[in-house]
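Structure file coords_10.txt (compact mmCIF, C-alpha atoms) follows.
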# COMPACT_ATOMS: atom_id res chain seq x y z
CA MET V 234 181.13 387.25 85.51
CA ASN V 235 178.25 385.93 83.65
CA SER V 236 178.52 382.66 85.58
CA ASP V 237 178.57 384.54 88.85
CA PHE V 238 175.41 386.27 87.92
CA GLN V 239 173.73 382.97 87.17
CA ASP V 240 174.92 381.46 90.35
CA THR V 241 173.47 384.37 92.26
CA TRP V 242 170.09 383.80 90.68
CA ARG V 243 170.28 380.08 91.29
CA GLU V 244 170.80 380.71 94.87
CA GLU V 245 167.95 383.16 94.96
CA LEU V 246 165.65 380.72 93.29
CA GLN V 247 167.15 377.82 95.23
CA THR V 248 166.83 375.36 92.43
CA ASP V 249 168.21 374.73 88.93
CA ASP V 250 164.94 373.16 87.84
CA THR V 251 163.12 376.47 87.71
CA TRP V 252 164.84 377.45 84.50
CA ASN V 253 164.42 374.03 83.05
CA GLY V 254 160.75 374.08 84.06
CA VAL V 255 160.24 377.44 82.42
CA ARG V 256 161.97 376.23 79.28
CA MET V 257 160.02 372.94 79.19
CA GLU V 258 156.60 374.44 79.77
CA THR V 259 154.42 373.73 76.75
CA PRO V 260 151.99 376.30 75.43
CA PRO V 261 148.30 375.68 76.31
CA PRO V 262 146.59 373.55 73.69
CA LEU V 263 144.50 375.35 71.12
CA THR V 264 141.34 373.56 72.15
CA ALA V 265 141.75 374.75 75.68
CA ARG V 266 141.60 378.34 74.44
CA PHE V 267 138.29 377.66 72.75
CA ARG V 268 136.90 376.01 75.82
CA LYS V 269 137.60 379.03 77.82
CA LYS V 270 135.44 381.16 75.51
CA ASN V 271 131.55 381.21 75.61
CA PRO V 272 130.47 378.46 73.17
CA TRP V 273 126.85 379.64 72.74
CA PRO V 274 127.27 382.29 70.02
CA LEU V 275 129.07 379.84 67.81
CA ALA V 276 126.51 377.11 68.44
CA ALA V 277 123.70 379.56 67.77
CA GLY V 278 125.33 380.63 64.51
CA VAL V 279 125.76 377.08 63.31
CA ALA V 280 122.21 376.24 64.32
CA ALA V 281 120.89 379.30 62.50
CA ILE V 282 122.71 378.30 59.32
CA LEU V 283 121.44 374.76 59.55
CA LEU V 284 117.88 375.88 60.29
CA THR V 285 117.85 378.38 57.45
CA GLY V 286 119.13 375.75 55.06
CA SER V 287 116.63 373.25 56.34
CA SER V 288 113.76 375.75 56.06
CA LEU V 289 114.69 376.63 52.51
CA LEU V 290 114.85 372.96 51.66
CA ASN V 291 111.49 372.37 53.33
CA MET V 292 109.91 375.29 51.50
CA GLN V 293 111.27 374.02 48.24
CA LEU V 294 109.92 370.54 48.95
CA ALA V 295 106.56 371.97 50.00
CA HIS V 296 106.37 373.94 46.75
CA GLN V 297 107.27 370.87 44.75
CA LEU V 298 104.64 368.81 46.55
CA ALA V 299 102.00 371.52 46.08
CA ASP V 300 102.85 371.76 42.37
CA ALA V 301 102.68 367.99 42.02
CA ARG V 302 99.32 367.91 43.81
CA THR V 303 97.99 370.73 41.62
CA ASN V 304 99.14 368.88 38.51
CA THR V 305 97.42 365.74 39.74
CA LEU V 306 94.20 367.64 40.41
CA ILE V 307 94.30 369.25 36.98
CA ALA V 308 94.83 365.83 35.42
CA LEU V 309 91.87 364.50 37.41
CA LEU V 310 89.71 367.40 36.22
CA GLN V 311 90.55 366.56 32.65
CA GLN V 312 89.09 363.09 33.03
CA ASP V 313 85.43 363.13 32.23
CA THR V 314 84.33 361.77 35.60
CA PRO V 315 81.91 364.11 37.36
CA LEU V 316 82.40 362.88 40.91
CA VAL V 317 86.16 363.15 40.63
CA ALA V 318 85.71 366.65 39.24
CA LEU V 319 83.56 367.69 42.21
CA ALA V 320 86.25 366.73 44.72
CA SER V 321 89.13 368.09 42.63
CA ILE V 322 87.53 371.49 42.17
CA GLU V 323 86.97 371.79 45.92
CA ASP V 324 90.59 370.88 46.56
CA LEU V 325 91.94 373.27 43.93
CA ARG V 326 89.73 376.07 45.19
CA ASN V 327 91.29 375.72 48.64
CA ARG V 328 94.79 375.98 47.22
CA GLY V 329 94.61 379.25 45.34
CA LEU V 330 94.93 378.90 41.65
CA SER V 331 97.57 379.20 39.01
CA ASP V 332 96.49 380.31 35.52
CA ARG V 333 96.73 376.73 34.38
CA ALA V 334 94.48 375.48 37.16
CA MET V 335 92.03 378.30 36.41
CA GLU V 336 91.86 377.20 32.77
CA ALA V 337 91.32 373.59 33.85
CA ILE V 338 88.36 374.70 35.98
CA LYS V 339 86.96 376.74 33.09
CA ASP V 340 87.25 373.62 30.96
CA VAL V 341 84.95 371.82 33.37
CA VAL V 342 82.28 374.45 32.66
CA ARG V 343 83.00 374.25 28.94
CA PHE V 344 83.22 370.51 28.43
CA SER V 345 81.83 368.52 31.36
CA GLU V 346 78.42 366.99 30.78
CA ASP V 347 77.52 366.89 34.45
CA PRO V 348 75.58 369.93 35.72
CA ASN V 349 76.87 369.57 39.27
CA ALA V 350 80.48 369.54 38.13
CA GLN V 351 79.79 372.59 35.94
CA LEU V 352 78.12 374.45 38.82
CA SER V 353 80.96 373.65 41.23
CA ALA V 354 83.45 374.95 38.69
CA LEU V 355 81.38 378.07 38.13
CA GLU V 356 81.16 378.77 41.86
CA ALA V 357 84.91 378.32 42.23
CA LEU V 358 85.49 380.83 39.42
CA TYR V 359 83.16 383.35 41.06
CA GLU V 360 84.79 382.93 44.45
CA LEU V 361 88.18 383.53 42.87
CA ASN V 362 86.89 386.63 41.07
CA ALA V 363 87.70 385.07 37.73
CA LEU V 364 84.39 386.15 36.17
CA GLU V 365 84.20 389.73 37.34
CA GLU V 366 84.05 391.20 33.87
CA GLU V 367 80.98 390.58 31.77
CA HIS V 368 82.86 389.67 28.60
CA LEU V 369 84.52 386.79 30.47
CA VAL V 370 81.10 385.37 31.38
CA THR V 371 79.84 385.84 27.82
CA GLU V 372 82.94 384.16 26.43
CA LEU V 373 82.64 381.21 28.83
CA LEU V 374 78.94 380.77 28.03
CA SER V 375 79.59 380.80 24.30
CA GLU V 376 82.07 377.96 24.78
CA THR V 377 79.88 375.86 27.09
CA GLN V 378 78.88 372.72 25.23
CA SER V 379 76.54 370.96 27.65
CA ASN V 380 73.54 372.42 29.44
CA PRO V 381 74.20 376.02 28.32
CA GLU V 382 70.72 377.26 29.27
CA PHE V 383 70.98 375.72 32.71
CA ILE V 384 74.39 377.30 33.25
CA ARG V 385 73.09 380.64 31.99
CA ALA V 386 70.26 380.49 34.57
CA ALA V 387 72.74 379.59 37.31
CA ILE V 388 74.93 382.57 36.41
CA ARG V 389 71.90 384.85 36.44
CA ALA V 390 70.95 383.51 39.89
CA MET V 391 74.49 384.05 41.22
CA ASN V 392 74.55 387.59 39.92
CA GLU V 393 71.19 388.35 41.54
CA GLU V 394 72.53 386.91 44.80
CA SER V 395 75.57 389.16 44.75
CA ILE V 396 73.41 392.24 44.07
CA MET Z 171 79.01 340.94 23.32
CA ARG Z 172 75.74 341.97 21.96
CA ALA Z 173 72.58 339.95 21.81
CA LEU Z 174 69.67 341.52 20.09
CA ALA Z 175 66.16 340.32 19.81
CA GLY Z 176 64.36 343.04 17.99
CA VAL Z 177 60.76 343.54 17.14
CA TYR Z 178 59.49 346.30 14.93
CA LEU Z 179 55.79 346.90 15.22
CA LEU Z 180 54.04 349.19 12.84
CA PHE Z 181 50.97 351.10 13.86
CA ALA Z 182 49.00 353.61 11.90
CA ALA Z 183 50.74 356.67 13.29
CA SER Z 184 53.83 355.44 15.09
CA THR Z 185 56.75 353.03 15.03
CA VAL Z 186 57.47 350.90 18.08
CA LEU Z 187 60.96 349.53 18.45
CA ALA Z 188 61.34 346.95 21.22
CA GLU Z 189 64.62 345.20 21.92
CA ASP Z 190 66.87 343.60 24.48
CA LEU Z 191 70.45 344.75 24.46
CA ASP Z 192 73.04 342.80 26.44
CA VAL Z 193 76.65 343.87 26.92
CA ARG Z 194 79.23 342.10 29.04
CA ALA Z 195 80.77 344.51 31.56
CA ASN Z 196 83.85 344.62 33.71
CA PRO Z 197 82.53 346.27 36.89
CA GLU Z 198 86.04 347.01 38.16
CA ARG Z 199 86.98 349.05 35.13
CA ASP Z 200 84.01 350.01 33.03
CA GLN Z 201 81.74 352.99 33.16
CA LEU Z 202 78.20 352.75 31.84
CA ARG Z 203 76.86 355.82 30.07
CA ILE Z 204 73.36 356.09 28.73
CA THR Z 205 72.05 359.17 26.98
CA VAL Z 206 68.51 359.48 25.74
CA SER Z 207 66.38 362.33 24.54
CA THR Z 208 62.91 361.51 25.87
CA ALA Z 209 62.51 358.50 28.13
CA THR Z 210 61.81 356.92 31.44
CA ILE Z 211 64.71 354.98 32.93
CA GLU Z 212 64.65 352.33 35.63
CA LEU Z 213 67.98 351.01 36.86
CA GLU Z 214 68.42 348.15 39.31
CA PRO Z 215 71.09 345.57 40.16
CA GLY Z 216 71.39 342.51 37.98
CA ASP Z 217 72.73 339.17 39.10
CA ASP Z 218 75.59 338.78 36.63
CA ASN Z 219 78.25 340.85 34.85
CA PHE Z 220 76.01 341.89 31.99
CA VAL Z 221 74.37 345.20 31.32
CA ARG Z 222 70.91 344.15 30.20
CA ILE Z 223 68.77 346.86 28.68
CA ASN Z 224 65.20 346.22 27.73
CA TYR Z 225 63.81 349.14 25.81
CA ASP Z 226 60.89 350.13 23.71
CA CYS Z 227 60.72 353.37 21.84
CA VAL Z 228 57.75 354.90 20.10
CA ALA Z 229 58.53 357.26 17.27
CA PRO Z 230 55.96 359.10 15.19
CA GLU Z 231 55.50 357.56 11.79
CA PRO Z 232 57.29 359.74 9.27
CA GLU Z 233 55.30 361.38 6.56
CA PRO Z 234 55.67 359.83 3.10
CA GLY Z 235 58.23 361.54 0.96
CA PRO Z 236 57.18 364.06 -1.74
CA ASP Z 237 57.47 361.35 -4.34
CA GLY Z 238 54.98 359.23 -2.43
CA LEU Z 239 57.45 356.61 -1.21
CA ARG Z 240 56.75 355.00 2.15
CA VAL Z 241 59.53 354.92 4.80
CA VAL Z 242 60.26 351.31 5.69
CA LYS Z 243 63.26 351.83 7.95
CA ARG Z 244 64.00 355.17 9.44
CA ALA Z 245 67.57 356.42 9.80
CA GLY Z 246 68.81 357.12 13.31
CA ILE Z 247 66.05 355.23 15.06
CA ASP Z 248 68.34 352.53 16.49
CA PRO Z 249 70.38 353.31 19.59
CA ASN Z 250 74.07 353.73 19.05
CA LEU Z 251 76.26 351.42 21.13
CA SER Z 252 79.97 352.02 21.51
CA ARG Z 253 82.32 349.93 23.58
CA SER Z 254 85.83 351.09 24.48
CA SER Z 255 88.34 349.62 26.92
CA ASP Z 256 86.66 351.31 29.87
CA LYS Z 257 83.30 352.61 28.68
CA ILE Z 258 80.00 351.19 27.55
CA GLU Z 259 78.14 354.03 25.92
CA ILE Z 260 74.59 353.82 24.57
CA ARG Z 261 72.98 356.79 22.92
CA PHE Z 262 69.33 356.95 21.91
CA ARG Z 263 68.80 359.70 19.40
CA GLU Z 264 65.86 362.02 19.24
CA GLU Z 265 64.58 360.28 16.12
CA GLY Z 266 64.15 357.12 18.22
CA GLY Z 267 61.14 358.71 19.88
CA ASP Z 268 59.84 358.35 23.39
CA CYS Z 269 61.59 355.41 25.07
CA ARG Z 270 61.10 353.27 28.11
CA LEU Z 271 64.34 351.76 29.42
CA ARG Z 272 64.60 349.01 32.02
CA ILE Z 273 68.21 348.35 32.88
CA LYS Z 274 69.81 345.65 34.99
CA ALA Z 275 73.53 345.86 35.57
CA PRO Z 276 76.21 345.03 38.15
CA PRO Z 277 75.60 347.50 41.01
CA THR Z 278 79.34 348.12 41.33
CA LEU Z 279 79.47 349.59 37.82
CA ALA Z 280 80.07 353.35 37.77
CA THR Z 281 77.05 354.72 35.94
CA ARG Z 282 75.93 357.90 34.25
CA LEU Z 283 72.35 358.34 33.04
CA ARG Z 284 71.20 361.38 31.15
CA ILE Z 285 67.83 362.47 29.77
CA ASP Z 286 68.24 365.46 27.49
CA GLN Z 287 64.61 366.50 27.02
CA ALA Z 288 62.03 364.91 29.29
CA GLY Z 289 61.42 361.88 31.47
CA TRP Z 290 61.95 360.47 34.93
CA ILE Z 291 64.74 358.30 36.34
CA ARG Z 292 64.41 355.70 39.11
CA ILE Z 293 67.41 353.91 40.55
CA ARG Z 294 67.64 351.51 43.45
CA ASP Z 295 70.28 349.58 45.44
CA TRP Z 296 73.29 351.05 43.64
CA ARG Z 297 76.74 350.77 45.18
CA ALA Z 298 78.98 352.48 42.61
CA PRO Z 299 79.41 356.18 41.86
CA LEU Z 300 76.24 357.40 40.21
CA SER Z 301 75.58 360.43 38.06
CA ALA Z 302 72.05 361.02 36.81
CA TRP Z 303 70.17 363.97 35.45
CA SER Z 304 67.01 364.81 33.66
CA ALA Z 305 66.20 368.03 31.85
CA ALA Z 306 62.52 367.76 32.80
CA GLY Z 307 61.38 365.05 35.16
CA ASP Z 308 61.90 363.58 38.61
CA VAL Z 309 65.02 361.71 39.67
CA GLU Z 310 64.47 359.19 42.45
CA VAL Z 311 67.31 357.20 44.00
CA VAL Z 312 66.64 354.65 46.73
CA ASN Z 313 69.27 352.88 48.84
CA GLN Z 314 72.29 354.49 47.19
CA GLN Z 315 75.57 353.38 48.74
CA GLY Z 316 78.12 355.14 46.57
CA PRO Z 317 78.81 358.82 45.88
CA PHE Z 318 76.31 360.61 43.66
CA SER Z 319 75.74 363.60 41.41
CA ILE Z 320 72.03 364.08 40.78
CA THR Z 321 70.29 366.84 38.85
CA ALA Z 322 66.62 367.42 38.17
CA MET Z 323 66.51 370.57 36.10
CA SER Z 324 62.74 370.70 36.17
CA GLY Z 325 61.44 368.13 38.63
CA ASP Z 326 61.96 366.69 42.10
CA ALA Z 327 65.21 365.05 43.18
CA SER Z 328 65.00 362.58 46.04
CA ILE Z 329 67.95 360.52 47.22
CA GLU Z 330 68.21 358.05 50.05
CA TYR Z 331 71.89 357.56 50.88
CA THR Z 332 72.47 354.44 52.99
CA GLY Z 333 76.26 354.13 52.87
CA LYS Z 334 78.25 354.40 56.08
CA VAL Z 335 81.25 356.08 54.47
CA LEU Z 336 80.89 358.48 51.56
CA GLU Z 337 83.97 358.08 49.38
CA THR Z 338 83.99 361.49 47.76
CA ASP Z 339 82.09 364.76 47.43
CA SER Z 340 78.56 364.46 46.11
CA ALA Z 341 75.86 366.87 44.97
CA ILE Z 342 72.19 367.28 44.22
CA THR Z 343 70.78 370.15 42.18
CA ALA Z 344 67.25 371.11 41.25
CA ALA Z 345 65.93 374.23 39.58
CA SER Z 346 62.17 373.97 39.95
CA GLY Z 347 61.35 371.00 42.14
CA THR Z 348 61.96 369.87 45.68
CA ILE Z 349 65.20 368.27 46.82
CA ALA Z 350 64.92 365.57 49.50
CA LEU Z 351 67.99 363.86 50.93
CA ALA Z 352 67.50 361.07 53.46
CA LEU Z 353 70.41 359.87 55.60
CA PRO Z 354 69.08 356.97 57.70
CA LYS Z 355 72.55 355.77 58.71
CA GLN Z 356 73.88 359.22 59.67
CA PRO Z 357 77.24 358.93 57.87
CA SER Z 358 80.14 361.23 58.72
CA VAL Z 359 79.72 363.91 56.09
CA SER Z 360 79.67 367.67 55.69
CA ILE Z 361 76.54 369.20 54.22
CA ARG Z 362 75.99 372.58 52.63
CA ALA Z 363 72.66 373.64 51.23
CA ARG Z 364 71.36 376.68 49.42
CA ALA Z 365 67.77 377.24 48.34
CA LYS Z 366 67.66 380.60 46.67
CA TRP Z 367 63.89 381.04 46.65
CA GLY Z 368 62.96 378.21 49.02
CA ASP Z 369 63.62 376.96 52.54
CA VAL Z 370 66.21 374.56 53.89
CA MET Z 371 64.50 372.18 56.32
CA THR Z 372 65.66 369.22 58.41
CA ASP Z 373 64.63 366.80 61.14
CA LEU Z 374 68.27 365.96 61.95
CA ASP Z 375 69.50 366.88 65.40
CA VAL Z 376 72.30 369.15 64.19
CA VAL Z 377 72.90 372.88 64.07
CA PHE Z 378 73.30 374.55 60.69
CA ALA Z 379 75.53 377.62 60.47
CA ASP Z 380 75.29 380.38 57.89
CA GLN Z 381 78.16 380.77 55.47
CA VAL Z 382 78.15 383.59 52.95
CA ASN Z 383 80.52 383.72 50.03
CA ALA Z 384 80.62 385.14 46.51
CA THR Z 385 78.06 382.64 45.27
CA GLY Z 386 75.45 383.17 47.96
CA ALA Z 387 74.37 382.19 51.44
CA TRP Z 388 74.81 378.55 52.40
CA SER Z 389 73.57 376.56 55.39
CA VAL Z 390 76.37 374.27 56.51
CA THR Z 391 76.75 371.51 59.06
CA GLU Z 392 78.66 368.35 59.84
CA LEU Z 393 77.36 364.94 60.77
CA GLY Z 394 79.56 362.69 62.90
CA ASP Z 395 83.19 363.59 62.29
CA GLY Z 396 82.44 365.50 59.09
CA GLY Z 397 83.99 364.30 55.85
CA PRO Z 398 83.25 364.58 52.14
CA MET Z 399 80.88 367.37 51.23
CA ILE Z 400 77.32 366.85 50.04
CA THR Z 401 76.25 370.02 48.22
CA LEU Z 402 72.54 370.69 47.77
CA ARG Z 403 71.47 373.50 45.43
CA ASN Z 404 67.96 374.53 44.65
CA LEU Z 405 66.88 377.60 42.78
CA ASN Z 406 63.13 377.87 43.32
CA GLU Z 407 61.95 375.22 45.78
CA ASP Z 408 62.77 373.74 49.18
CA ILE Z 409 65.54 371.46 50.33
CA ARG Z 410 64.67 368.79 52.89
CA ILE Z 411 67.41 366.94 54.75
CA LEU Z 412 65.83 364.04 56.57
CA SER Z 413 66.70 361.11 58.83
CA SER Z 414 64.48 358.88 56.65
CA PHE Z 415 61.77 359.08 54.03
Could I get this structure in the form of structure tokens?
Amino acid sequence: MNSDFQDTWREELQTDDTWNGVRMETPPPLTARFRKKNPWPLAAGVAAILLTGSSLLNMQLAHQLADARTNTLIALLQQDTPLVALASIEDLRNRGLSDRAMEAIKDVVRFSEDPNAQLSALEALYELNALEEEHLVTELLSETQSNPEFIRAAIRAMNEESI
Amino acid sequence: MRALAGVYLLFAASTVLAEDLDVRANPERDQLRITVSTATIELEPGDDNFVRINYDCVAPEPEPGPDGLRVVKRAGIDPNLSRSSDKIEIRFREEGGDCRLRIKAPPTLATRLRIDQAGWIRIRDWRAPLSAWSAAGDVEVVNQQGPFSITAMSGDASIEYTGKVLETDSAITAASGTIALALPKQPSVSIRARAKWGDVMTDLDVVFADQVNATGAWSVTELGDGGPMITLRNLNEDIRILSSF
């Protein structure tokens, strides 16, 4: 009876290969399923991850380079070469200053023999509001070894200007 | 390293010390530093690798001691010379009196001249970085081709810069004297000038803009493509920026 039933269906389908074909059909490959989906969200996600990683790396490198440059400038300031000091102070001033850089600039006022280097350092300190309180000015003046009267007059002139 | 030919001359009221001082220099590496209390200094290029200083100093004759002894040789009257691996430093102390220094040296030797009390400085045809200042006296620099830091605390400062390319920032400061900067070759530089109680004047065909910051009002401009900054500061007198003297 079972065989009769199959025969009936064979006749209806008119071929034996239909069943074989159905049995032999392989499932669609996995990659084909992906292809059918929109690839852009995935690509965007991967790109975002890569970009974020790259940006972080770049920022880290930029920080390292800036730190290295600041260290170099501080080292240059510590040499007793007035013309190098002039350029280094200008460069440091444009970078914003760490406490260490600020101290290095104060040291130029304290220890440099060259009045122009001392004045450049002094101006940088004023522009960065590092001498807003009077005791800081007094302290710096008391530690200034070269040209103290000249530096005192320059400070007085700067204060008059800002009034 | 050092050749001395000294002459001590005794007058009734003063001691004259006249000498030649020669030091071999390495212009690639050395820095020449001369500090003197009261003096006039002339610096010009020499034709070899020696720093040759001809000086004469006049010091007042010291009073005899309370025991009546006469001073034959006074302490501290000789200049102090020190030579390190990269510096030639000569210091004339106050006891040495009023000195006249004529210096010839390689013009590529980085040089710093300093007068602590009074006297003028004249420099010509220098190619290396130059730093010079006088506490009271004029500083005159002609045909300077390297960067410079010049200060006349009480006197005029005049500098003729003839280089085409300024290597690094430079500056001139005066407190009570005129500043004159001549730029006959119109190098590519930035200039900022501030004369607190004087005028900033020029015959250059450039426009100066005002820039105000925490330290005052500056007049700023650029020549050519801009470049290293020349800062001019004067407290009481004028600043002149000229195409030539």
Self-check item: Computed interatomic separation between CA of Asp340 in chain V and CA of Phe383 in chain V (Å)
Solution: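 About the pair CA of Asp340 in chain V and CA of Phe383 in chain V: they are 16.5 Å apart.
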Quiz prompt | Among the residues Z:Phe415, Z:Phe318, Z:Trp388, Z:Trp296, the one that comes closest to chain V [using only C-alpha atoms] | solution =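 Selected residue with least distance to chain V: Z:Phe318.
Of the residues under consideration (Z:Val309, Z:Val390, Z:Ala384, Z:Met323), Z:Val309 shows the shortest atom-to-atom contact distance to Thr210 in chain Z when counting all atoms listed in the file.
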Self-check item: Residue with smallest distance to Ser331 in chain V - pool V:Ala280, V:Ala390, V:Leu374, V:Ala363, counting all atoms listed in the file
Solution: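 Between V:Ala280, V:Ala390, V:Leu374, V:Ala363, the residue approaching Ser331 in chain V most closely is V:Ala363.
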Quiz prompt | Nearest residue to Met399 in chain Z from the set Z:Val382, Z:Leu351, Z:Thr338, Z:Gln356 (distances using all atoms listed in the file) | solution =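 Between Z:Val382, Z:Leu351, Z:Thr338, Z:Gln356, the residue approaching Met399 in chain Z most closely is Z:Thr338.
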